[in-house]
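Below is one structure, written out as C-alpha cells, with a few remarks after it.
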2 protein chains.
Amino acid sequence: MISKDENALDKLIHSLKQLPGVGEKTATRLAYFILREAESFSTHLAQSIVEARQKLQTCSSCCNFSENSTCFICSNLERTEETICVVEQPSDISALERSRQFKGKYHVLHGVLSPLDGIHEESLKIKELLTRIERGNVREVILATNPTVEGDTTALYIARLIKYNNVRVSRIAYGIPVGSEIEYLDGATLGKALQNRVSL
Amino acid sequence: MISKDENALDKLIHSLKQLPGVGEKTATRLAYFILREAESFSTHLAQSIVEARQKLQTCSSCCNFSENSTCFICSNLERTEETICVVEQPSDISALERSRQFKGKYHVLHGVLSPLDGIHEESLKIKELLTRIERGNVREVILATNPTVEGDTTALYIARLIKYNNVRVSRIAYGIPVGSEIEYLDGATLGKALQNRVSL
C-alpha cells in the first residue's frame, strides 16, 4: 500500500487478493502491471471478466460451463448417450478429451464431498446426475474423480446411489503413469498398480 | 480450453494470461474461480481494474502513481525538499517508508536502464529528475535502485548526470541484511560488507 489517499489502487489490490493463490505481493505486482499498461488493456480485461461471468451458464444436461443452454459436447449427436464420465471440475473434461479415448458424455459435479469444508451432497450436482440416469439411456457411469480421499469417497458414494438403476459403474484405473520411472513412484501408486494388474 | 464455442471463457483465459507470472494453467484456474463466484464478485473486480487505471495518474513531481496531480508524499510540507530518494518502482517507496528513516521526497524512475530489453534513458523518468534538481532546492540525491547489474548501472549513470549540479549524490549501502546469518550469505554481499565497513 503506498498511501492512505491512493484509494483506487488499494481497492484494486484488495480485489485481486480475493483470487485464489494471489497474496498481497502478487496482487501488488499485478496492480502495478495493470497501471503501467495502456488503458485499453485494463478495459479489455475488465470486459472479459464481466462478459464471461454473464454469458456462461451451466449446461442443462452435464452442468459444464457453456454459453448455450446445452454445451457443445452434450449437443454433439456423434457422442453416445450411453456412457457418462463423472468429473469433479470442468477443467477435468479438457484433460480427458486430450486422451481422445472417450466418446460418451460427461457430468460435472463441481466439487467433491468434503464434510469438513462444508461440502455435502446438496452442494454437488449429484441429483442432476441421478435424473439423467433415471431417463434410462445410460448403460455405464465412469467415475473419474481425482485419486484423493475426497475423490474416492465421492466416487464410492455415487456408485452406491447408482447401483440400483441397473447401470454398470466403473472407476478410472489407478496405476503407474505413462513415462514415469518405477524407481521414483510412491508406494501407494505401485501398490494399486500391482493390485490392478492386467493379464497379457 | 473446454471447447470451440465457449468464446467468453477462452477470451477471459486469454486476457488473464497477459498478466505477469500467469500462464495457461493459472489463467484457467482463475477463470473458473471467477465463474464459480457470485456475479457481484466479477463486477466488483472489473470495476476496480477500470477505476484504478482511470483514476491513477503519475504525480507531477515524483512520478509515483497518485489519484491527485501531486501525491500525498510530495504534498506533505513536513517532508524536506532537500533530499530526493530515487527508486525504480512505486512499490519500492512503501518498502522504504517501512524503515521510518527517510523524511525527504522520492522520485520514481519506472524501470532501470537495460539496453538489451530496449529500456533506454528516454523510457525512464530521468529528465523529470534533472528538472527537479535544476529548480535548486535539492542538496542530496540518494540512489536507491536495486543491487543488480541494471540497478547499479542506472545509479552510476544518474550520478554522473547530477554531479555537475553541486548536489551530493549517494547510493544506499550494500551489506549484510539485519537478522541474516553470515554463514549462509553469498560472497558478493560479504565482500561489499567488508569493503564498506564502518569505524566504531
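We label chains A, B, ... in the order they appear in the C-alpha cells, count residues from 1 in each chain, and number ligands from 1 in the order shown.
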
Neighbour list for B:Thr189 as a CSV table (one decimal) with N, CA, C and O atoms, in the first residue's frame, cut-off 12 Å, only C-alpha atoms, skip fewer than 2 positions in-chain:
chain,number,residue,atom,x,y,z
B,147,PRO,N,20.1,-3.7,-6.0
B,147,PRO,CA,21.5,-4.1,-6.1
B,147,PRO,C,21.7,-5.1,-7.1
B,147,PRO,O,22.2,-6.2,-6.9
B,148,THR,N,21.4,-4.8,-8.4
B,148,THR,CA,21.6,-5.7,-9.5
B,148,THR,C,22.5,-5.0,-10.5
B,148,THR,O,22.8,-3.8,-10.4
B,173,ALA,N,23.5,1.7,1.1
B,173,ALA,CA,24.6,0.8,1.4
B,173,ALA,C,24.3,-0.6,1.1
B,173,ALA,O,23.2,-1.1,1.3
B,174,TYR,N,25.3,-1.3,0.5
B,174,TYR,CA,25.3,-2.7,0.4
B,174,TYR,C,25.9,-3.3,1.7
B,174,TYR,O,26.7,-2.7,2.3
B,175,GLY,N,25.4,-4.4,2.1
B,175,GLY,CA,26.0,-5.0,3.4
B,175,GLY,C,25.1,-6.2,3.8
B,175,GLY,O,24.3,-6.7,3.0
B,176,ILE,N,25.4,-6.7,5.0
B,176,ILE,CA,24.6,-7.9,5.4
B,176,ILE,C,23.3,-7.5,5.9
B,176,ILE,O,23.1,-6.5,6.6
B,177,PRO,N,22.2,-8.2,5.5
B,177,PRO,CA,20.9,-7.8,6.0
B,177,PRO,C,20.7,-8.1,7.4
B,177,PRO,O,21.2,-9.1,7.9
B,180,SER,N,20.2,-11.8,9.3
B,180,SER,CA,20.7,-12.9,8.5
B,180,SER,C,21.9,-13.6,9.2
B,180,SER,O,22.3,-13.1,10.3
B,181,GLU,N,22.3,-14.7,8.6
B,181,GLU,CA,23.5,-15.4,9.2
B,181,GLU,C,24.6,-15.4,8.3
B,181,GLU,O,24.5,-15.7,7.1
B,182,ILE,N,25.8,-14.9,8.8
B,182,ILE,CA,26.9,-14.7,7.9
B,182,ILE,C,27.3,-16.0,7.2
B,182,ILE,O,27.7,-16.0,6.0
B,183,GLU,N,27.2,-17.1,7.9
B,183,GLU,CA,27.5,-18.4,7.4
B,183,GLU,C,26.8,-18.7,6.1
B,183,GLU,O,27.4,-19.3,5.2
B,184,TYR,N,25.6,-18.2,5.9
B,184,TYR,CA,24.8,-18.5,4.7
B,184,TYR,C,24.8,-17.4,3.6
B,184,TYR,O,24.2,-17.6,2.6
B,185,LEU,N,25.5,-16.3,3.9
B,185,LEU,CA,25.5,-15.2,2.9
B,185,LEU,C,26.4,-15.4,1.8
B,185,LEU,O,27.5,-16.0,1.9
B,186,ASP,N,26.1,-14.9,0.6
B,186,ASP,CA,26.9,-15.1,-0.6
B,186,ASP,C,28.2,-14.2,-0.5
B,186,ASP,O,28.2,-13.2,0.2
B,187,GLY,N,29.2,-14.6,-1.3
B,187,GLY,CA,30.5,-13.9,-1.3
B,187,GLY,C,30.4,-12.5,-1.7
B,187,GLY,O,31.1,-11.6,-1.1
B,191,GLY,N,31.6,-9.5,0.6
B,191,GLY,CA,32.7,-8.7,0.1
B,191,GLY,C,32.4,-7.2,0.2
B,191,GLY,O,33.2,-6.4,0.7
B,192,LYS,N,31.2,-6.9,-0.2
B,192,LYS,CA,30.7,-5.5,-0.1
B,192,LYS,C,30.7,-5.0,1.3
B,192,LYS,O,31.0,-3.9,1.7
B,193,ALA,N,30.2,-5.9,2.2
B,193,ALA,CA,30.1,-5.6,3.6
B,193,ALA,C,31.4,-5.3,4.3
B,193,ALA,O,31.5,-4.4,5.1
B,194,LEU,N,32.4,-6.0,3.8
B,194,LEU,CA,33.8,-5.8,4.3
B,194,LEU,C,34.4,-4.5,3.8
B,194,LEU,O,34.9,-3.7,4.5
B,195,GLN,N,34.2,-4.3,2.5
B,195,GLN,CA,34.6,-3.0,1.8
B,195,GLN,C,34.0,-1.8,2.5
B,195,GLN,O,34.7,-0.8,2.8
B,196,ASN,N,32.7,-1.9,2.8
B,196,ASN,CA,32.0,-0.7,3.3
B,196,ASN,C,31.9,-0.7,4.8
B,196,ASN,O,31.0,-0.1,5.4

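Omitting B:Thr145 and its sequence neighbours fewer than 5 positions away, and counting only C-alpha atoms, the residues within 8 Å are Val86, Val87, Glu88, Val112, Gly151, Asp152, Thr154 and Ala155 of chain B.
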
Take the residues that were just selected and, keeping C-alpha atoms, output them as a CSV table (one decimal), in the first residue's frame.
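Contents of part-v7.csv, as written:
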chain,number,residue,atom,x,y,z
B,86,VAL,CA,15.5,7.8,-6.4
B,87,VAL,CA,13.7,4.4,-6.7
B,88,GLU,CA,12.9,2.0,-9.6
B,112,VAL,CA,16.1,0.7,-14.9
B,151,GLY,CA,20.3,-1.1,-10.9
B,152,ASP,CA,24.0,-0.3,-10.4
B,154,THR,CA,21.4,3.2,-13.7
B,155,ALA,CA,22.6,4.6,-10.4

Determine, for each residue of chain A having at least one atom at most 8 Å from an atom of chain B, the closest pair of atoms and their separation in Å to one decimal, counting only C-alpha atoms; order by chain and ascending number, as JSON lines.
{"residue": "A:Met1", "atom": "CA", "partner": "B:Ser94", "partner_atom": "CA", "distance": 6.5}
{"residue": "A:Ile2", "atom": "CA", "partner": "B:Ser94", "partner_atom": "CA", "distance": 5.1}
{"residue": "A:Ser3", "atom": "CA", "partner": "B:Phe72", "partner_atom": "CA", "distance": 7.2}
{"residue": "A:Asp5", "atom": "CA", "partner": "B:Phe72", "partner_atom": "CA", "distance": 7.1}
{"residue": "A:Glu6", "atom": "CA", "partner": "B:Glu67", "partner_atom": "CA", "distance": 6.0}
{"residue": "A:Asn7", "atom": "CA", "partner": "B:Glu67", "partner_atom": "CA", "distance": 7.8}
{"residue": "A:Ala8", "atom": "CA", "partner": "B:Ala52", "partner_atom": "CA", "distance": 4.7}
{"residue": "A:Leu9", "atom": "CA", "partner": "B:Ala52", "partner_atom": "CA", "distance": 5.5}
{"residue": "A:Lys11", "atom": "CA", "partner": "B:Ser48", "partner_atom": "CA", "distance": 6.3}
{"residue": "A:Leu12", "atom": "CA", "partner": "B:Ser48", "partner_atom": "CA", "distance": 5.0}
{"residue": "A:Ser15", "atom": "CA", "partner": "B:Leu45", "partner_atom": "CA", "distance": 5.6}
{"residue": "A:Leu16", "atom": "CA", "partner": "B:Leu45", "partner_atom": "CA", "distance": 7.1}
{"residue": "A:Leu19", "atom": "CA", "partner": "B:Leu30", "partner_atom": "CA", "distance": 6.7}
{"residue": "A:Pro20", "atom": "CA", "partner": "B:Leu30", "partner_atom": "CA", "distance": 6.8}
{"residue": "A:Thr28", "atom": "CA", "partner": "B:Ser91", "partner_atom": "CA", "distance": 7.9}
{"residue": "A:Leu30", "atom": "CA", "partner": "B:Leu19", "partner_atom": "CA", "distance": 6.7}
{"residue": "A:Phe33", "atom": "CA", "partner": "B:Leu19", "partner_atom": "CA", "distance": 7.4}
{"residue": "A:Ile34", "atom": "CA", "partner": "B:Arg53", "partner_atom": "CA", "distance": 7.0}
{"residue": "A:Leu35", "atom": "CA", "partner": "B:Arg53", "partner_atom": "CA", "distance": 5.3}
{"residue": "A:Glu39", "atom": "CA", "partner": "B:Arg53", "partner_atom": "CA", "distance": 6.5}
{"residue": "A:Ser42", "atom": "CA", "partner": "B:Val50", "partner_atom": "CA", "distance": 5.8}
{"residue": "A:Thr43", "atom": "CA", "partner": "B:Val50", "partner_atom": "CA", "distance": 5.9}
{"residue": "A:His44", "atom": "CA", "partner": "B:Ser15", "partner_atom": "CA", "distance": 7.5}
{"residue": "A:Leu45", "atom": "CA", "partner": "B:Ser15", "partner_atom": "CA", "distance": 5.6}
{"residue": "A:Ala46", "atom": "CA", "partner": "B:Ala46", "partner_atom": "CA", "distance": 4.1}
{"residue": "A:Gln47", "atom": "CA", "partner": "B:Ala46", "partner_atom": "CA", "distance": 7.0}
{"residue": "A:Ser48", "atom": "CA", "partner": "B:Leu12", "partner_atom": "CA", "distance": 5.0}
{"residue": "A:Ile49", "atom": "CA", "partner": "B:Leu12", "partner_atom": "CA", "distance": 5.9}
{"residue": "A:Val50", "atom": "CA", "partner": "B:Ser42", "partner_atom": "CA", "distance": 5.8}
{"residue": "A:Glu51", "atom": "CA", "partner": "B:Ala8", "partner_atom": "CA", "distance": 6.4}
{"residue": "A:Ala52", "atom": "CA", "partner": "B:Ala8", "partner_atom": "CA", "distance": 4.7}
{"residue": "A:Arg53", "atom": "CA", "partner": "B:Leu35", "partner_atom": "CA", "distance": 5.3}
{"residue": "A:Gln54", "atom": "CA", "partner": "B:Glu39", "partner_atom": "CA", "distance": 7.4}
{"residue": "A:Lys55", "atom": "CA", "partner": "B:Ala8", "partner_atom": "CA", "distance": 6.9}
{"residue": "A:Leu56", "atom": "CA", "partner": "B:Ala8", "partner_atom": "CA", "distance": 7.2}
{"residue": "A:Ser66", "atom": "CA", "partner": "B:Glu6", "partner_atom": "CA", "distance": 6.0}
{"residue": "A:Glu67", "atom": "CA", "partner": "B:Glu6", "partner_atom": "CA", "distance": 5.9}
{"residue": "A:Phe72", "atom": "CA", "partner": "B:Asp5", "partner_atom": "CA", "distance": 7.0}
{"residue": "A:Pro90", "atom": "CA", "partner": "B:Ile2", "partner_atom": "CA", "distance": 7.5}
{"residue": "A:Ser91", "atom": "CA", "partner": "B:Ile2", "partner_atom": "CA", "distance": 6.9}
{"residue": "A:Ile93", "atom": "CA", "partner": "B:Ile2", "partner_atom": "CA", "distance": 6.9}
{"residue": "A:Ser94", "atom": "CA", "partner": "B:Ile2", "partner_atom": "CA", "distance": 5.1}

Could you pull out the residues in stretch 4-200 of chain A that DSSP calls alpha helix (DSSP H) from the backbone, as a compact mmCIF listing (two decimals) with N, CA, C and O atoms, in the first residue's frame?
# COMPACT_ATOMS: atom_id res chain seq x y z
N ASN A 7 -6.85 5.48 -2.97
CA ASN A 7 -7.92 4.53 -2.76
C ASN A 7 -8.16 3.56 -3.91
O ASN A 7 -8.44 2.40 -3.70
N ALA A 8 -8.05 4.08 -5.14
CA ALA A 8 -8.32 3.22 -6.29
C ALA A 8 -7.30 2.09 -6.36
O ALA A 8 -7.64 0.96 -6.69
N LEU A 9 -6.05 2.39 -6.02
CA LEU A 9 -5.01 1.37 -6.04
C LEU A 9 -5.24 0.34 -4.93
O LEU A 9 -5.18 -0.87 -5.16
N ASP A 10 -5.51 0.84 -3.72
CA ASP A 10 -5.79 -0.07 -2.59
C ASP A 10 -6.94 -1.01 -2.93
O ASP A 10 -6.89 -2.20 -2.66
N LYS A 11 -7.98 -0.43 -3.50
CA LYS A 11 -9.17 -1.21 -3.85
C LYS A 11 -8.82 -2.30 -4.86
O LYS A 11 -9.28 -3.43 -4.74
N LEU A 12 -8.02 -1.92 -5.87
CA LEU A 12 -7.65 -2.89 -6.90
C LEU A 12 -6.84 -4.03 -6.28
O LEU A 12 -7.11 -5.20 -6.53
N ILE A 13 -5.86 -3.67 -5.43
CA ILE A 13 -5.04 -4.70 -4.78
C ILE A 13 -5.93 -5.61 -3.93
O ILE A 13 -5.81 -6.83 -3.96
N HIS A 14 -6.87 -4.99 -3.22
CA HIS A 14 -7.78 -5.77 -2.37
C HIS A 14 -8.61 -6.74 -3.21
O HIS A 14 -8.79 -7.91 -2.85
N SER A 15 -9.12 -6.26 -4.35
CA SER A 15 -9.93 -7.13 -5.22
C SER A 15 -9.11 -8.28 -5.76
O SER A 15 -9.56 -9.43 -5.80
N LEU A 16 -7.88 -7.98 -6.21
CA LEU A 16 -7.04 -9.03 -6.80
C LEU A 16 -6.67 -10.09 -5.76
O LEU A 16 -6.51 -11.26 -6.08
N LYS A 17 -6.55 -9.65 -4.49
CA LYS A 17 -6.18 -10.57 -3.41
C LYS A 17 -7.25 -11.63 -3.17
O LYS A 17 -6.98 -12.66 -2.55
N GLU A 24 -0.79 -10.66 -1.01
CA GLU A 24 -0.52 -9.22 -1.04
C GLU A 24 0.54 -8.86 -2.11
O GLU A 24 0.34 -7.96 -2.91
N LYS A 25 1.63 -9.63 -2.13
CA LYS A 25 2.74 -9.30 -3.04
C LYS A 25 2.34 -9.45 -4.50
O LYS A 25 2.61 -8.58 -5.32
N THR A 26 1.72 -10.59 -4.82
CA THR A 26 1.32 -10.82 -6.21
C THR A 26 0.27 -9.80 -6.61
O THR A 26 0.33 -9.24 -7.72
N ALA A 27 -0.69 -9.52 -5.73
CA ALA A 27 -1.74 -8.55 -6.04
C ALA A 27 -1.12 -7.19 -6.33
O ALA A 27 -1.51 -6.51 -7.29
N THR A 28 -0.12 -6.79 -5.54
CA THR A 28 0.54 -5.50 -5.76
C THR A 28 1.25 -5.50 -7.11
O THR A 28 1.15 -4.54 -7.88
N ARG A 29 1.94 -6.61 -7.42
CA ARG A 29 2.66 -6.69 -8.69
C ARG A 29 1.69 -6.60 -9.86
O ARG A 29 1.92 -5.87 -10.84
N LEU A 30 0.57 -7.33 -9.76
CA LEU A 30 -0.42 -7.31 -10.84
C LEU A 30 -1.02 -5.92 -10.98
O LEU A 30 -1.21 -5.43 -12.10
N ALA A 31 -1.32 -5.27 -9.85
CA ALA A 31 -1.93 -3.94 -9.89
C ALA A 31 -1.00 -2.95 -10.60
O ALA A 31 -1.43 -2.22 -11.49
N TYR A 32 0.27 -2.95 -10.23
CA TYR A 32 1.20 -2.02 -10.88
C TYR A 32 1.36 -2.33 -12.36
O TYR A 32 1.52 -1.45 -13.18
N PHE A 33 1.28 -3.63 -12.69
CA PHE A 33 1.36 -4.01 -14.10
C PHE A 33 0.18 -3.41 -14.86
O PHE A 33 0.34 -2.83 -15.93
N ILE A 34 -1.03 -3.54 -14.27
CA ILE A 34 -2.23 -3.02 -14.92
C ILE A 34 -2.12 -1.50 -15.09
O ILE A 34 -2.52 -0.95 -16.11
N LEU A 35 -1.55 -0.82 -14.09
CA LEU A 35 -1.42 0.64 -14.16
C LEU A 35 -0.43 1.06 -15.25
O LEU A 35 -0.58 2.11 -15.86
N ARG A 36 0.60 0.23 -15.44
CA ARG A 36 1.63 0.59 -16.43
C ARG A 36 1.16 0.35 -17.86
O ARG A 36 1.62 1.01 -18.79
N GLU A 39 -4.43 1.91 -21.36
CA GLU A 39 -5.77 1.86 -20.77
C GLU A 39 -6.63 0.79 -21.44
O GLU A 39 -7.48 0.17 -20.80
N SER A 40 -6.38 0.54 -22.73
CA SER A 40 -7.18 -0.46 -23.45
C SER A 40 -7.01 -1.84 -22.81
O SER A 40 -7.92 -2.66 -22.83
N PHE A 41 -5.83 -2.10 -22.24
CA PHE A 41 -5.59 -3.40 -21.60
C PHE A 41 -6.54 -3.62 -20.43
O PHE A 41 -7.19 -4.67 -20.33
N SER A 42 -6.64 -2.61 -19.55
CA SER A 42 -7.49 -2.76 -18.37
C SER A 42 -8.96 -2.85 -18.77
O SER A 42 -9.72 -3.62 -18.20
N THR A 43 -9.35 -2.06 -19.77
CA THR A 43 -10.74 -2.10 -20.23
C THR A 43 -11.07 -3.48 -20.76
O THR A 43 -12.11 -4.07 -20.44
N HIS A 44 -10.15 -4.02 -21.56
CA HIS A 44 -10.36 -5.32 -22.18
C HIS A 44 -10.45 -6.41 -21.13
O HIS A 44 -11.33 -7.28 -21.18
N LEU A 45 -9.53 -6.36 -20.16
CA LEU A 45 -9.51 -7.37 -19.09
C LEU A 45 -10.81 -7.33 -18.30
O LEU A 45 -11.45 -8.37 -18.06
N ALA A 46 -11.22 -6.11 -17.91
CA ALA A 46 -12.44 -5.95 -17.12
C ALA A 46 -13.65 -6.47 -17.89
O ALA A 46 -14.50 -7.19 -17.35
N GLN A 47 -13.67 -6.15 -19.18
CA GLN A 47 -14.79 -6.56 -20.04
C GLN A 47 -14.88 -8.08 -20.14
O GLN A 47 -15.96 -8.66 -20.02
N SER A 48 -13.73 -8.73 -20.31
CA SER A 48 -13.77 -10.18 -20.48
C SER A 48 -14.18 -10.87 -19.17
O SER A 48 -14.81 -11.93 -19.21
N ILE A 49 -13.86 -10.26 -18.03
CA ILE A 49 -14.29 -10.83 -16.75
C ILE A 49 -15.81 -10.76 -16.62
O ILE A 49 -16.47 -11.76 -16.32
N VAL A 50 -16.35 -9.58 -16.89
CA VAL A 50 -17.80 -9.40 -16.75
C VAL A 50 -18.54 -10.25 -17.77
O VAL A 50 -19.51 -10.94 -17.44
N GLU A 51 -18.04 -10.23 -19.02
CA GLU A 51 -18.72 -10.98 -20.09
C GLU A 51 -18.76 -12.47 -19.80
O GLU A 51 -19.81 -13.11 -19.95
N ALA A 52 -17.60 -13.02 -19.39
CA ALA A 52 -17.54 -14.45 -19.13
C ALA A 52 -18.55 -14.83 -18.06
O ALA A 52 -19.32 -15.79 -18.20
N ARG A 53 -18.55 -14.05 -16.96
CA ARG A 53 -19.45 -14.37 -15.85
C ARG A 53 -20.92 -14.25 -16.27
O ARG A 53 -21.77 -15.01 -15.81
N GLN A 54 -21.21 -13.27 -17.14
CA GLN A 54 -22.60 -13.06 -17.55
C GLN A 54 -23.06 -14.09 -18.57
O GLN A 54 -24.17 -14.60 -18.50
N LYS A 55 -22.19 -14.39 -19.55
CA LYS A 55 -22.61 -15.25 -20.67
C LYS A 55 -22.63 -16.72 -20.31
O LYS A 55 -23.43 -17.48 -20.83
N PRO A 90 -14.95 -28.66 -14.43
CA PRO A 90 -14.99 -28.51 -15.89
C PRO A 90 -13.62 -28.70 -16.53
O PRO A 90 -13.51 -29.24 -17.62
N SER A 91 -12.55 -28.29 -15.82
CA SER A 91 -11.22 -28.40 -16.41
C SER A 91 -10.79 -29.86 -16.58
O SER A 91 -9.92 -30.16 -17.41
N ASP A 92 -11.39 -30.77 -15.81
CA ASP A 92 -11.06 -32.19 -15.98
C ASP A 92 -11.52 -32.69 -17.34
O ASP A 92 -10.92 -33.61 -17.90
N ILE A 93 -12.58 -32.08 -17.88
CA ILE A 93 -13.09 -32.51 -19.18
C ILE A 93 -12.06 -32.30 -20.27
O ILE A 93 -11.77 -33.19 -21.06
N SER A 94 -11.42 -31.10 -20.26
CA SER A 94 -10.44 -30.85 -21.32
C SER A 94 -9.27 -31.82 -21.20
O SER A 94 -8.71 -32.24 -22.20
N ALA A 95 -8.90 -32.18 -19.95
CA ALA A 95 -7.80 -33.13 -19.76
C ALA A 95 -8.19 -34.50 -20.34
O ALA A 95 -7.41 -35.11 -21.08
N LEU A 96 -9.40 -34.95 -20.03
CA LEU A 96 -9.84 -36.25 -20.53
C LEU A 96 -10.02 -36.25 -22.05
O LEU A 96 -9.71 -37.24 -22.72
N GLU A 97 -10.47 -35.11 -22.58
CA GLU A 97 -10.64 -35.00 -24.03
C GLU A 97 -9.30 -35.16 -24.75
O GLU A 97 -9.24 -35.68 -25.85
N ARG A 98 -8.23 -34.72 -24.09
CA ARG A 98 -6.90 -34.84 -24.68
C ARG A 98 -6.51 -36.30 -24.92
O ARG A 98 -5.68 -36.59 -25.77
N ILE A 126 -25.12 -33.96 -7.90
CA ILE A 126 -25.38 -35.40 -7.86
C ILE A 126 -26.83 -35.69 -8.26
O ILE A 126 -27.11 -36.62 -9.01
N LYS A 127 -27.74 -34.84 -7.78
CA LYS A 127 -29.16 -35.02 -8.11
C LYS A 127 -29.35 -34.96 -9.62
O LYS A 127 -30.08 -35.78 -10.20
N GLU A 128 -28.67 -34.04 -10.27
CA GLU A 128 -28.77 -33.88 -11.72
C GLU A 128 -28.28 -35.13 -12.44
O GLU A 128 -28.82 -35.52 -13.48
N LEU A 129 -27.22 -35.76 -11.86
CA LEU A 129 -26.69 -36.99 -12.45
C LEU A 129 -27.72 -38.11 -12.36
O LEU A 129 -27.99 -38.82 -13.35
N LEU A 130 -28.36 -38.22 -11.18
CA LEU A 130 -29.36 -39.27 -10.98
C LEU A 130 -30.54 -39.09 -11.94
O LEU A 130 -31.05 -40.06 -12.51
N THR A 131 -30.95 -37.82 -12.14
CA THR A 131 -32.05 -37.54 -13.06
C THR A 131 -31.69 -38.02 -14.47
O THR A 131 -32.52 -38.61 -15.17
N ARG A 132 -30.43 -37.76 -14.87
CA ARG A 132 -30.01 -38.18 -16.21
C ARG A 132 -30.07 -39.69 -16.34
O ARG A 132 -30.46 -40.22 -17.39
N ILE A 133 -29.65 -40.39 -15.26
CA ILE A 133 -29.61 -41.85 -15.31
C ILE A 133 -31.03 -42.42 -15.33
O ILE A 133 -31.32 -43.37 -16.06
N GLU A 134 -31.93 -41.77 -14.57
CA GLU A 134 -33.30 -42.28 -14.49
C GLU A 134 -34.04 -42.16 -15.82
O GLU A 134 -35.00 -42.89 -16.07
N VAL A 149 -8.55 -38.82 -1.14
CA VAL A 149 -9.51 -39.37 -0.18
C VAL A 149 -10.92 -38.87 -0.53
O VAL A 149 -11.87 -39.65 -0.62
N GLU A 150 -11.05 -37.55 -0.77
CA GLU A 150 -12.36 -36.98 -1.08
C GLU A 150 -12.89 -37.51 -2.41
O GLU A 150 -14.08 -37.81 -2.53
N GLY A 151 -12.01 -37.61 -3.40
CA GLY A 151 -12.41 -38.10 -4.71
C GLY A 151 -12.91 -39.53 -4.63
O GLY A 151 -13.94 -39.89 -5.21
N ASP A 152 -12.17 -40.36 -3.88
CA ASP A 152 -12.56 -41.77 -3.71
C ASP A 152 -13.90 -41.89 -2.98
O ASP A 152 -14.77 -42.67 -3.36
N THR A 153 -14.03 -41.09 -1.91
CA THR A 153 -15.26 -41.14 -1.12
C THR A 153 -16.45 -40.77 -1.98
O THR A 153 -17.49 -41.44 -1.96
N THR A 154 -16.29 -39.69 -2.75
CA THR A 154 -17.38 -39.23 -3.62
C THR A 154 -17.73 -40.31 -4.64
O THR A 154 -18.90 -40.57 -4.89
N ALA A 155 -16.69 -40.93 -5.21
CA ALA A 155 -16.92 -41.98 -6.21
C ALA A 155 -17.71 -43.14 -5.58
O ALA A 155 -18.70 -43.61 -6.16
N LEU A 156 -17.29 -43.58 -4.38
CA LEU A 156 -17.98 -44.68 -3.70
C LEU A 156 -19.43 -44.31 -3.39
O LEU A 156 -20.35 -45.11 -3.56
N TYR A 157 -19.61 -43.07 -2.93
CA TYR A 157 -20.94 -42.59 -2.56
C TYR A 157 -21.88 -42.63 -3.77
O TYR A 157 -23.01 -43.13 -3.70
N ILE A 158 -21.38 -42.11 -4.90
CA ILE A 158 -22.21 -42.07 -6.11
C ILE A 158 -22.46 -43.50 -6.61
O ILE A 158 -23.57 -43.84 -7.03
N ALA A 159 -21.41 -44.34 -6.54
CA ALA A 159 -21.55 -45.72 -7.00
C ALA A 159 -22.70 -46.42 -6.29
O ALA A 159 -23.52 -47.11 -6.92
N ARG A 160 -22.80 -46.21 -4.96
CA ARG A 160 -23.88 -46.84 -4.19
C ARG A 160 -25.25 -46.33 -4.60
O ARG A 160 -26.21 -47.09 -4.65
N LEU A 161 -25.33 -45.04 -4.90
CA LEU A 161 -26.61 -44.45 -5.30
C LEU A 161 -27.08 -44.99 -6.64
O LEU A 161 -28.28 -45.14 -6.88
N ILE A 162 -26.14 -45.27 -7.54
CA ILE A 162 -26.49 -45.64 -8.91
C ILE A 162 -26.81 -47.13 -9.05
O ILE A 162 -27.63 -47.53 -9.86
N GLY A 187 4.74 -45.66 -2.90
CA GLY A 187 4.26 -47.00 -2.58
C GLY A 187 2.78 -47.19 -2.84
O GLY A 187 2.37 -48.25 -3.33
N ALA A 188 1.97 -46.16 -2.55
CA ALA A 188 0.52 -46.29 -2.73
C ALA A 188 0.18 -46.54 -4.20
O ALA A 188 -0.62 -47.43 -4.52
N THR A 189 0.82 -45.77 -5.10
CA THR A 189 0.56 -45.93 -6.53
C THR A 189 0.99 -47.32 -7.00
O THR A 189 0.26 -48.02 -7.71
N LEU A 190 2.22 -47.73 -6.58
CA LEU A 190 2.72 -49.04 -7.01
C LEU A 190 1.87 -50.17 -6.44
O LEU A 190 1.62 -51.17 -7.12
N GLY A 191 1.38 -49.98 -5.22
CA GLY A 191 0.50 -50.98 -4.61
C GLY A 191 -0.75 -51.17 -5.46
O GLY A 191 -1.13 -52.30 -5.79
N LYS A 192 -1.36 -50.04 -5.85
CA LYS A 192 -2.57 -50.10 -6.68
C LYS A 192 -2.25 -50.71 -8.03
O LYS A 192 -3.05 -51.46 -8.60
N ALA A 193 -1.07 -50.37 -8.59
CA ALA A 193 -0.69 -50.87 -9.91
C ALA A 193 -0.53 -52.39 -9.88
O ALA A 193 -0.86 -53.07 -10.85
N LEU A 194 -0.02 -52.92 -8.77
CA LEU A 194 0.13 -54.37 -8.64
C LEU A 194 -1.24 -55.05 -8.47
O LEU A 194 -1.54 -56.04 -9.15
N GLN A 195 -2.06 -54.46 -7.60
CA GLN A 195 -3.41 -54.99 -7.37
C GLN A 195 -4.20 -55.07 -8.66
O GLN A 195 -4.88 -56.06 -8.93

key: Distance query A:Leu124 at most 9 Å, only C-alpha atoms, self and fewer than 5 positions along chain excluded, as a ChimeraX atom specification   = /A:108-113,119

Convert the current residue selection to file output with N, CA, C and O atoms, as a short mmCIF file (atom, residue, chain, number, x, y, z; two decimals), in the first residue's frame.
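Result went into again-v7.cif, see below:
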data_model
loop_
_atom_site.label_atom_id
_atom_site.label_comp_id
_atom_site.auth_asym_id
_atom_site.auth_seq_id
_atom_site.Cartn_x
_atom_site.Cartn_y
_atom_site.Cartn_z
N VAL A 108 -20.41 -32.94 -14.74
CA VAL A 108 -19.52 -32.19 -13.84
C VAL A 108 -20.18 -32.04 -12.46
O VAL A 108 -21.28 -31.51 -12.34
N LEU A 109 -19.49 -32.54 -11.42
CA LEU A 109 -20.04 -32.45 -10.06
C LEU A 109 -19.84 -31.06 -9.45
O LEU A 109 -20.55 -30.66 -8.54
N HIS A 110 -18.85 -30.32 -9.94
CA HIS A 110 -18.46 -29.03 -9.36
C HIS A 110 -18.02 -29.18 -7.90
O HIS A 110 -18.46 -28.44 -7.03
N GLY A 111 -17.14 -30.16 -7.66
CA GLY A 111 -16.59 -30.34 -6.33
C GLY A 111 -16.60 -31.80 -5.91
O GLY A 111 -16.96 -32.68 -6.71
N VAL A 112 -16.16 -32.07 -4.70
CA VAL A 112 -16.21 -33.41 -4.13
C VAL A 112 -16.77 -33.32 -2.72
O VAL A 112 -16.69 -32.26 -2.09
N LEU A 113 -17.30 -34.43 -2.23
CA LEU A 113 -17.81 -34.46 -0.86
C LEU A 113 -16.66 -34.18 0.09
O LEU A 113 -15.60 -34.79 0.01
N ILE A 119 -18.84 -29.19 2.39
CA ILE A 119 -19.36 -29.57 1.08
C ILE A 119 -20.09 -30.90 1.19
O ILE A 119 -19.46 -31.96 1.33
#
